[in-house]
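Undergrad: Input structure: upload_30.txt, which contains compact mmCIF, C-alpha atoms.
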```txt
# COMPACT_ATOMS: atom_id res chain seq x y z
CA MET A 1 18.54 59.37 86.97
CA PHE A 2 17.27 56.36 85.07
CA LEU A 3 16.43 58.54 82.08
CA ASP A 4 19.87 60.09 82.17
CA SER A 5 21.53 56.68 82.05
CA LEU A 6 19.20 55.66 79.20
CA ARG A 7 20.14 58.72 77.15
CA ALA A 8 23.84 58.19 77.72
CA ASN A 9 25.64 56.85 74.65
CA MET A 10 22.36 56.85 72.71
CA LYS A 11 24.05 56.67 69.32
CA LEU A 12 26.09 53.69 70.38
CA LYS A 13 23.03 51.92 71.70
CA ILE A 14 21.06 52.55 68.47
CA PHE A 15 23.98 51.25 66.44
CA ALA A 16 24.14 48.09 68.57
CA LEU A 17 20.39 47.58 68.09
CA LEU A 18 20.73 47.86 64.30
CA ILE A 19 23.55 45.31 64.33
CA ALA A 20 21.37 42.93 66.35
CA ILE A 21 18.47 43.30 63.89
CA VAL A 22 20.72 42.70 60.89
CA TRP A 23 22.29 39.67 62.55
CA TRP A 24 18.84 38.25 63.39
CA ALA A 25 17.77 38.69 59.77
CA VAL A 26 20.92 36.93 58.53
CA VAL A 27 20.44 34.02 60.91
CA ARG A 28 16.78 33.76 59.96
CA ALA A 29 17.66 33.74 56.26
CA GLU A 30 20.18 30.97 56.81
CA ASP A 31 17.56 28.84 58.57
CA THR A 32 14.94 29.39 55.84
CA SER A 33 14.72 27.19 52.74
CA VAL A 34 12.52 26.85 49.67
CA ARG A 35 10.92 23.69 48.29
CA ASP A 36 8.85 22.91 45.19
CA ILE A 37 5.87 20.63 45.84
CA LEU A 38 3.27 19.16 43.49
CA VAL A 39 -0.10 20.14 44.95
CA PRO A 40 -3.47 18.64 43.89
CA VAL A 41 -6.15 21.01 42.57
CA ASP A 42 -9.71 20.71 43.88
CA TYR A 43 -12.56 22.19 41.82
CA VAL A 44 -15.24 23.10 44.34
CA ASN A 45 -18.80 24.44 44.26
CA LEU A 46 -19.46 23.30 40.68
CA PRO A 47 -23.14 24.07 39.90
CA ALA A 48 -25.29 20.94 39.47
CA SER A 49 -26.24 21.92 35.91
CA MET A 50 -22.63 22.27 34.71
CA GLU A 51 -19.71 19.98 33.85
CA LEU A 52 -15.96 20.44 33.56
CA SER A 53 -14.81 19.51 30.07
CA GLY A 54 -11.66 19.53 27.99
CA ARG A 55 -8.26 19.15 29.65
CA ILE A 56 -8.58 19.35 33.42
CA LEU A 57 -5.41 20.27 35.31
CA ASP A 58 -5.06 17.99 38.34
CA THR A 59 -1.97 19.50 39.98
CA VAL A 60 0.09 22.70 40.19
CA THR A 61 3.70 23.19 41.28
CA VAL A 62 4.00 25.39 44.36
CA ARG A 63 7.25 26.89 45.67
CA LEU A 64 7.15 27.26 49.45
CA ARG A 65 9.48 29.09 51.82
CA ALA A 66 9.74 28.17 55.48
CA PRO A 67 12.29 27.31 58.19
CA ASP A 68 14.09 24.04 57.53
CA PRO A 69 12.40 22.08 60.34
CA ILE A 70 8.94 22.98 59.00
CA LEU A 71 9.78 22.08 55.39
CA ARG A 72 11.40 18.81 56.40
CA ASN A 73 8.33 17.72 58.34
CA LEU A 74 5.81 19.08 55.86
CA ALA A 75 3.32 16.39 54.84
CA GLU A 76 2.41 16.87 51.20
CA ASP A 77 -1.05 15.37 51.71
CA ARG A 78 -1.87 18.36 53.94
CA LEU A 79 -1.57 20.71 50.98
CA SER A 80 -4.27 21.47 48.42
CA ALA A 81 -5.33 24.22 46.05
CA SER A 82 -9.02 25.03 45.60
CA ILE A 83 -10.68 26.70 42.60
CA ASP A 84 -14.16 27.96 43.42
CA LEU A 85 -16.50 27.52 40.44
CA ALA A 86 -19.66 28.84 42.09
CA ARG A 87 -19.77 32.02 39.99
CA SER A 88 -17.79 30.90 36.96
CA PRO A 89 -19.47 31.50 33.57
CA MET A 90 -19.90 28.82 30.93
CA GLY A 91 -17.21 28.57 28.28
CA GLU A 92 -13.43 28.72 28.42
CA GLN A 93 -11.52 30.89 30.88
CA ARG A 94 -8.21 31.10 32.74
CA VAL A 95 -8.38 31.28 36.52
CA PRO A 96 -5.41 33.13 38.15
CA MET A 97 -3.83 31.17 40.99
CA THR A 98 -3.12 33.04 44.23
CA GLY A 99 -1.71 32.08 47.60
CA ALA A 100 -5.18 32.53 49.11
CA MET A 101 -6.34 29.45 47.13
CA LEU A 102 -3.83 27.22 48.92
CA ARG A 103 -4.19 25.56 52.27
CA VAL A 104 -0.71 25.56 53.86
CA PRO A 105 0.44 25.21 57.49
CA ALA A 106 1.28 28.23 59.61
CA GLY A 107 4.80 29.58 59.09
CA VAL A 108 4.88 28.56 55.40
CA GLU A 109 5.04 31.26 52.73
CA VAL A 110 3.78 30.67 49.16
CA VAL A 111 6.48 32.08 46.87
CA ARG A 112 5.21 30.99 43.45
CA ILE A 113 2.52 28.87 41.78
CA SER A 114 3.10 27.31 38.36
CA PRO A 115 1.19 27.67 36.14
CA ALA A 116 0.10 31.10 37.27
CA ALA A 117 -3.35 30.59 35.69
CA VAL A 118 -5.35 27.36 35.24
CA PRO A 119 -7.49 26.80 32.11
CA VAL A 120 -11.11 25.93 32.94
CA ARG A 121 -13.90 25.03 30.53
CA LEU A 122 -17.50 24.71 31.69
CA GLU A 123 -20.42 23.21 29.73
CA ARG A 124 -24.00 22.29 30.46
CA ARG A 125 -24.60 18.78 31.81
CA ALA A 126 -26.47 16.47 29.44
CA ARG A 127 -27.94 12.95 29.43
CA ARG A 128 -29.04 10.52 26.73
CA GLN A 129 -29.67 6.83 26.15
CA VAL A 130 -27.47 4.75 23.83
CA PRO A 131 -27.58 1.05 22.87
CA ILE A 132 -25.22 -1.41 24.55
CA VAL A 133 -23.42 -3.59 22.01
CA ALA A 134 -20.76 -6.28 22.14
CA GLU A 135 -17.81 -6.79 19.81
CA PHE A 136 -16.38 -10.16 18.78
CA SER A 137 -12.97 -11.58 18.01
CA GLY A 138 -12.13 -14.91 16.34
CA HIS A 139 -14.52 -17.54 14.95
CA PRO A 140 -16.02 -20.83 16.18
CA PRO A 141 -14.57 -24.01 14.59
CA LYS A 142 -15.77 -25.27 11.23
CA GLY A 143 -19.38 -26.36 11.34
CA TYR A 144 -20.33 -23.83 14.04
CA ASP A 145 -21.19 -20.15 13.96
CA LYS A 146 -22.51 -17.31 16.12
CA THR A 147 -26.25 -17.13 15.55
CA GLY A 148 -26.90 -14.00 17.63
CA TYR A 149 -26.48 -12.33 21.00
CA VAL A 150 -28.62 -10.46 23.54
CA VAL A 151 -27.53 -7.78 26.04
CA THR A 152 -29.75 -7.30 29.12
CA PRO A 153 -30.48 -4.44 29.67
CA SER A 154 -29.95 -3.30 26.11
CA VAL A 155 -29.55 0.48 26.69
CA ALA A 156 -27.41 2.68 28.92
CA THR A 157 -27.94 6.22 30.17
CA ILE A 158 -24.82 8.35 29.80
CA GLU A 159 -24.07 11.73 31.40
CA GLY A 160 -21.40 14.37 30.94
CA PRO A 161 -20.56 17.63 29.12
CA SER A 162 -23.12 18.29 26.39
CA SER A 163 -20.57 18.39 23.54
CA GLU A 164 -19.14 15.00 24.54
CA VAL A 165 -22.52 13.36 25.15
CA ALA A 166 -23.63 14.37 21.64
CA GLN A 167 -20.72 12.42 20.11
CA VAL A 168 -21.43 9.10 21.84
CA THR A 169 -23.63 6.70 19.85
CA ARG A 170 -23.21 3.46 21.81
CA ALA A 171 -21.80 1.79 24.91
CA LEU A 172 -19.53 -1.26 24.65
CA ALA A 173 -20.05 -4.44 26.67
CA GLY A 174 -16.54 -5.61 25.84
CA THR A 175 -14.95 -7.89 23.23
CA ILE A 176 -16.00 -11.56 23.23
CA PHE A 177 -13.47 -14.16 22.07
CA LEU A 178 -15.21 -16.84 19.95
CA GLU A 179 -12.23 -18.93 18.82
CA GLY A 180 -12.95 -22.64 19.45
CA GLU A 181 -16.36 -22.08 21.07
CA THR A 182 -19.13 -24.57 20.19
CA ALA A 183 -21.73 -23.78 22.88
CA ASP A 184 -23.61 -20.71 24.08
CA LEU A 185 -21.72 -18.17 26.19
CA GLU A 186 -23.03 -15.95 28.98
CA PHE A 187 -21.19 -13.50 31.20
CA ALA A 188 -21.62 -10.25 33.14
CA THR A 189 -19.72 -7.05 32.41
CA ARG A 190 -19.86 -3.32 33.03
CA PRO A 191 -20.39 -1.33 29.82
CA MET A 192 -18.28 1.68 28.89
CA ALA A 193 -19.22 4.62 26.69
CA GLU A 194 -17.46 4.52 23.32
CA ALA A 195 -15.76 7.91 23.51
CA PRO A 196 -12.29 9.36 22.78
CA PRO A 197 -9.53 9.11 25.44
CA GLY A 198 -9.72 11.80 28.09
CA ASN A 199 -13.51 12.03 27.92
CA HIS A 200 -15.66 12.90 30.94
CA ILE A 201 -18.60 10.62 30.09
CA ARG A 202 -19.98 8.32 32.77
CA ILE A 203 -22.75 5.70 32.72
CA VAL A 204 -25.42 6.45 35.32
CA GLU A 205 -27.73 3.56 34.38
CA PRO A 206 -27.60 0.62 34.68
CA THR A 207 -25.68 0.71 37.94
CA GLU A 208 -25.22 -3.08 37.95
CA PRO A 209 -23.29 -5.19 35.40
CA VAL A 210 -25.18 -6.15 32.25
CA ARG A 211 -25.55 -9.76 31.08
CA VAL A 212 -24.47 -10.82 27.59
CA HIS A 213 -25.80 -14.08 26.11
CA VAL A 214 -24.17 -15.30 22.89
CA SER A 215 -25.84 -18.09 20.89
CA ILE A 216 -23.49 -20.49 19.09
CA GLY A 217 -24.71 -23.53 17.17
CA PRO A 218 -24.00 -25.93 14.31
CA VAL A 219 -24.24 -24.54 10.81
CA THR A 220 -26.94 -26.18 8.64
CA GLU A 221 -25.83 -26.41 5.03
CA PRO A 222 -28.62 -25.76 2.49
CA PRO A 223 -29.47 -28.86 0.35
CA ALA A 224 -27.80 -28.92 -3.06
CA ALA A 225 -30.00 -28.85 -6.18
CA PRO A 226 -30.18 -32.29 -7.92
CA ALA A 227 -28.18 -32.55 -11.11
CA GLY A 228 -29.36 -34.28 -14.40
CA PRO A 229 -27.43 -36.78 -16.53
CA ALA A 230 -23.82 -35.87 -17.21
CA GLY A 231 -24.11 -33.16 -14.61
CA ARG A 232 -26.80 -31.22 -16.53
CA SER A 233 -29.67 -29.59 -14.74
CA PRO A 234 -33.29 -30.83 -15.14
CA ARG A 235 -34.04 -27.81 -17.31
CA ASP A 236 -31.29 -28.84 -19.71
CA THR A 237 -32.73 -32.40 -20.01
CA ALA A 238 -36.38 -31.42 -20.40
CA PRO A 239 -37.91 -32.62 -23.77
CA HIS A 240 -38.44 -29.99 -26.46
CA ARG A 241 -41.91 -29.62 -27.83
CA LYS A 242 -42.49 -29.02 -31.51
CA ALA A 243 -44.01 -25.75 -32.34
CA ALA A 244 -47.61 -26.04 -33.53
CA ARG A 245 -48.19 -25.29 -37.21
```
Please express the file's structure as structure tokens.
TA:
Amino acid sequence: MFLDSLRANMKLKIFALLIAIVWWAVVRAEDTSVRDILVPVDYVNLPASMELSGRILDTVTVRLRAPDPILRNLAEDRLSASIDLARSPMGEQRVPMTGAMLRVPAGVEVVRISPAAVPVRLERRARRQVPIVAEFSGHPPKGYDKTGYVVTPSVATIEGPSSEVAQVTRALAGTIFLEGETADLEFATRPMAEAPPGNHIRIVEPTEPVRVHVSIGPVTEPPAAPAGPAGRSPRDTAPHRKAAR
């Protein structure tokens, strides 16, 4: 008897079920929104012998779809995108971005990632030693001059992508202002590799600030040569000998 009542008006019941499904989908669509979020990119599992070089993309734009309450309460610091470099070859490549690379909360759908592929360039890691030098601006007052300077320690060990390390010839201990100085100067500073903007060079040694000692002292004028009568030199006033016959 139960089965008979279930079969009764079957078409009408199926039609009512379809209407309910469609209505649920419409309501769900109305409650769902999209949002574009700037997501940081993490480069993970970089082999110890390699370095990232060139332009490194720090963020990607991710379009997310989720119910309004979830999107409104979504904390952006919970999102991140990871690029696994464990098996990446050396050289330049473009890594396709997929939703599987993103860490997003449950109930959030990744609709789009821009850019769709991230450029990655890998090089061998290199090290070398370069001298640490100081630069100077201005001059001591008249009668004084810079007589020399000493940097302790005098060399730095730099590390980074091999192509960038090869271009660095020195590390800078800063610019010292000499205007008006009449006594020795000494200060501590952290050197920086002299490299183009956007470089990936770092100084691994020394780890502590270096000391720069600048010597400044009075200028000693060399004695002037004595002049003869009427401003002539001794050579001009020397007596002439007669030539022997």
Undergrad: Draw an axis-aligned box over all listed atoms of stretch 112-124 of chain A, pad each side with 4 Å, and write its centre and edge lengths in Å, one decimal, as AutoDock Vina command-line options.
TA:
```
--center_x -9.4 --center_y 26.7 --center_z 36.6 --size_x 37.2 --size_y 16.8 --size_z 21.7
```
Undergrad: Record the distance separating atom CA of A:Glu92 and atom CA of A:Pro161, expressed in Å with one decimal.
TA: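 For atom CA of A:Glu92 relative to atom CA of A:Pro161, the distance reads 13.2 Å.
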Undergrad: Quick one: distance from atom CA of A:Pro67 to atom CA of A:Val108 in Å, one decimal?
TA: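 Atom-to-atom, atom CA of A:Pro67 to atom CA of A:Val108, that is 8.0 Å.
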Undergrad: Measure the distance from atom CA of A:Leu102 to atom CA of A:Arg55 in Å and round it to one decimal.
TA: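 For atom CA of A:Leu102 relative to atom CA of A:Arg55, the distance reads 21.4 Å.
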Undergrad: For A:Val204, which of A:Val39, A:Ala86, A:Val155, A:Met101 is the closest residue, counting all atoms listed in the file?
TA: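 Of A:Val39, A:Ala86, A:Val155, A:Met101, the one nearest A:Val204, counting all atoms listed in the file, is A:Val155.
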Undergrad: Any idea what's packed within 7 Å of stretch 41-52 of chain A, counting all atoms listed in the file, ignoring anything in its chain fewer than 5 positions away? Could you give it as a PyMOL selection string?
TA: chain A and resi 58-60+80-86+121-125+160-161
Undergrad: Counting all atoms listed in the file, figure out which residue out of A:Gly54, A:Pro153, A:Pro105, A:Pro96 gets nearest to A:Leu79.
TA: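 Residue with the minimum atom-to-atom distance to A:Leu79: A:Pro105.
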Undergrad: Return the single residue from A:Tyr144, A:Val165, A:Asp184, A:Ala193 that is closest to A:Thr220, with distances computed using only C-alpha atoms.
TA: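 Of A:Tyr144, A:Val165, A:Asp184, A:Ala193, the one nearest A:Thr220 is A:Tyr144, counting only C-alpha atoms.
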Undergrad: For each of A:Ile14, A:Gly180, A:Leu71, A:Val212, take the minimum atom-to-atom distance to A:Gly143, counting only C-alpha atoms, then give the residue where this is smallest.
TA: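 Of all the options, A:Gly180 lies closest to A:Gly143.
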Undergrad: I'd like to know which of A:Ile201, A:Val111, A:Leu17, A:Val104 is closest to A:Val34, using all atoms listed in the file.
TA: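 Between A:Ile201, A:Val111, A:Leu17, A:Val104, the residue approaching A:Val34 most closely is A:Val111.
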Undergrad: List the spatial neighbours of A:Ile37 as a JSON list (two decimals) with C-alpha atoms, in the coordinates of the input - criterion: any atom at most 7 Å away, all atoms listed in the file, same-chain residues fewer than 5 positions off excluded.
TA:
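Printed below is selection-v7.json as written:
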```json
[["chain", "number", "residue", "atom", "x", "y", "z"],
["A", 61, "THR", "CA", 3.70, 23.19, 41.28],
["A", 62, "VAL", "CA", 4.00, 25.39, 44.36],
["A", 63, "ARG", "CA", 7.25, 26.89, 45.67]]
```
Undergrad: When you get a chance, write out N, CA and C atoms for stretch 104-120 of chain A, as a PDB file, in the coordinates of the input.
TA:
```
ATOM      1  N   VAL A 104      -2.067  25.919  53.422  1.00  0.00           N
ATOM      2  CA  VAL A 104      -0.710  25.560  53.860  1.00  0.00           C
ATOM      3  C   VAL A 104      -0.618  25.772  55.368  1.00  0.00           C
ATOM      4  N   PRO A 105       0.291  25.052  56.040  1.00  0.00           N
ATOM      5  CA  PRO A 105       0.440  25.210  57.490  1.00  0.00           C
ATOM      6  C   PRO A 105       0.966  26.600  57.858  1.00  0.00           C
ATOM      7  N   ALA A 106       0.779  26.959  59.109  1.00  0.00           N
ATOM      8  CA  ALA A 106       1.280  28.230  59.610  1.00  0.00           C
ATOM      9  C   ALA A 106       2.796  28.256  59.526  1.00  0.00           C
ATOM     10  N   GLY A 107       3.360  29.417  59.204  1.00  0.00           N
ATOM     11  CA  GLY A 107       4.800  29.580  59.090  1.00  0.00           C
ATOM     12  C   GLY A 107       5.338  29.253  57.717  1.00  0.00           C
ATOM     13  N   VAL A 108       4.454  28.893  56.763  1.00  0.00           N
ATOM     14  CA  VAL A 108       4.880  28.560  55.400  1.00  0.00           C
ATOM     15  C   VAL A 108       4.417  29.682  54.468  1.00  0.00           C
ATOM     16  N   GLU A 109       5.341  30.180  53.672  1.00  0.00           N
ATOM     17  CA  GLU A 109       5.040  31.260  52.730  1.00  0.00           C
ATOM     18  C   GLU A 109       4.968  30.695  51.305  1.00  0.00           C
ATOM     19  N   VAL A 110       3.922  31.074  50.562  1.00  0.00           N
ATOM     20  CA  VAL A 110       3.780  30.670  49.160  1.00  0.00           C
ATOM     21  C   VAL A 110       4.560  31.661  48.308  1.00  0.00           C
ATOM     22  N   VAL A 111       5.629  31.208  47.665  1.00  0.00           N
ATOM     23  CA  VAL A 111       6.480  32.080  46.870  1.00  0.00           C
ATOM     24  C   VAL A 111       5.979  32.174  45.428  1.00  0.00           C
ATOM     25  N   ARG A 112       5.612  31.005  44.859  1.00  0.00           N
ATOM     26  CA  ARG A 112       5.210  30.990  43.450  1.00  0.00           C
ATOM     27  C   ARG A 112       4.323  29.791  43.179  1.00  0.00           C
ATOM     28  N   ILE A 113       3.387  29.959  42.231  1.00  0.00           N
ATOM     29  CA  ILE A 113       2.520  28.870  41.780  1.00  0.00           C
ATOM     30  C   ILE A 113       2.688  28.751  40.267  1.00  0.00           C
ATOM     31  N   SER A 114       2.919  27.535  39.797  1.00  0.00           N
ATOM     32  CA  SER A 114       3.100  27.310  38.360  1.00  0.00           C
ATOM     33  C   SER A 114       2.176  26.166  37.911  1.00  0.00           C
ATOM     34  N   PRO A 115       1.335  26.417  36.900  1.00  0.00           N
ATOM     35  CA  PRO A 115       1.190  27.670  36.140  1.00  0.00           C
ATOM     36  C   PRO A 115       0.486  28.741  36.962  1.00  0.00           C
ATOM     37  N   ALA A 116       0.684  29.975  36.534  1.00  0.00           N
ATOM     38  CA  ALA A 116       0.100  31.100  37.270  1.00  0.00           C
ATOM     39  C   ALA A 116      -1.398  31.192  37.055  1.00  0.00           C
ATOM     40  N   ALA A 117      -1.918  30.597  35.968  1.00  0.00           N
ATOM     41  CA  ALA A 117      -3.350  30.590  35.690  1.00  0.00           C
ATOM     42  C   ALA A 117      -3.737  29.209  35.178  1.00  0.00           C
ATOM     43  N   VAL A 118      -4.883  28.697  35.602  1.00  0.00           N
ATOM     44  CA  VAL A 118      -5.350  27.360  35.240  1.00  0.00           C
ATOM     45  C   VAL A 118      -6.490  27.475  34.234  1.00  0.00           C
ATOM     46  N   PRO A 119      -6.391  26.775  33.078  1.00  0.00           N
ATOM     47  CA  PRO A 119      -7.490  26.800  32.110  1.00  0.00           C
ATOM     48  C   PRO A 119      -8.690  26.005  32.624  1.00  0.00           C
ATOM     49  N   VAL A 120      -9.869  26.575  32.491  1.00  0.00           N
ATOM     50  CA  VAL A 120     -11.110  25.930  32.940  1.00  0.00           C
ATOM     51  C   VAL A 120     -12.154  26.090  31.840  1.00  0.00           C
TER      52      VAL A 120
END
```
